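Structure, as structure tokens:
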Amino acid sequence: MSDDGSLDRVASSFLYFLSTRNDHWRGSMWRAVHVPAEDMRVAALFNASFDHERAGQIADSWGFEVLGTKKIGSRHYWNVRRTDAPPAADIIGGPRRDLVRANPKAQEEARKVLQETGVDVLDADECYRIEEQASKWQAAAVSGAWNTSWLAAIGLFLAYWGIFFSATLPVSIPLFVLAAASLYGATRSFIRRTRNKREFTNKHLANVEAIRRVVRVAEDELLAGWRPSRLTK
């Protein structure tokens with residue numbers, strides 16, 4: 001924290017991964033976001049040490065919790081989750097919503113959003129319901145893309161070996177059958193994914209953007225050093 005109450009560079013870099021401006025939230029099918037530990041430690045070389053405890057403190061300031069660490073390849077990450085996020089996936093990001101609703105400028109923006117869109121971001125139940133429904137459809141669309149990819153890859157792989165062994169019918173026929181089944185599954189998964197993505201875009205995206213608009217105001221206030229004197233539920 002700097003003298004004027006604003007966050008230092010390392011803390012701001014960490015919080016970027018939890019913010020609405022991080023595009024990771026838009027397509028995440030996971031319950032948590034991964035914050036690269038090495039990047040934070042390198043950024044902190046000329047500051048105080050940036051360890052697991054410090055990561056937890058910064059995450060907590062926005063209503064997140066560090067669930068643990070995760071290694072992907074040779075890189076280490078902190079696994080972080082917003083405490084009031086819907087169970088399917090957090091596709092908006094940003095501070096815990098009671099922090100958002102406690103901020104005067106965010107309250108003012110929320111009233112504008114209510115007049116323009118009919119979405120009441122200050123209503124905790126309505127806000128959660130919108131996020132929960134949208135996250136289910138978005139997570140299903142992202143999951144569908146993954147299923148389509150691996151089923152199609154398996155189908156093409158089996159088809160290749162079916163062609164390779166085409167002179168040996170006892171081998172090639174089962175391979176072609178399995179390839180056809182995999183490609184059929186990939187097609188069905190693609191259709192479901194397209195339907196889920198269309199459902200999300202047509203019925204939920206506008207409401208998500210309305211919430212994101214208010215949350216960004218609170219984000220800017222928190223990054224500038226604002227802290228609530230009390231929380232409104």
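Chains: A, B, ... in order of the structure tokens. Residues: from 1 per chain. Ligands: from 1, in order shown.
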Residue set, range 72-212 of chain A restricted to helix (DSSP H, G or I), as a PyMOL selection string: chain A and resi 97-102+104-117+124-164+169-203+205-212
Contacts of Ala124 in chain A at 9 Å (only C-alpha atoms; same-chain gap of 5+ positions) as a PyMOL selection string: chain A and resi 97-98+101+129+233
Range 17-22 of chain A surroundings by only C-alpha atoms, 9 Å radius, close-in-sequence under 3 positions cut, as a PyMOL selection string: chain A and resi 13-14+25-26+33-35+59+62+64+80-82+91-95+212-213+215-216+219
Spatial neighbours of Lys105 in chain A, 7 Å, only C-alpha atoms, chain gap at least 3 places, as a ChimeraX atom specification: /A:108-109,217
Surrounding residues of Arg198 in chain A excluding itself and chain neighbours under 6 positions, 10 Å, only C-alpha atoms, as a PyMOL selection string: chain A and resi 137-138+141+192+204-205
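Using only C-alpha atoms, the residues found no farther than 7 Å from Ala218 in chain A, other than those of its own chain fewer than 4 positions away, are Val100, Asn103, Ala106, Val214 and Leu222 of chain A.
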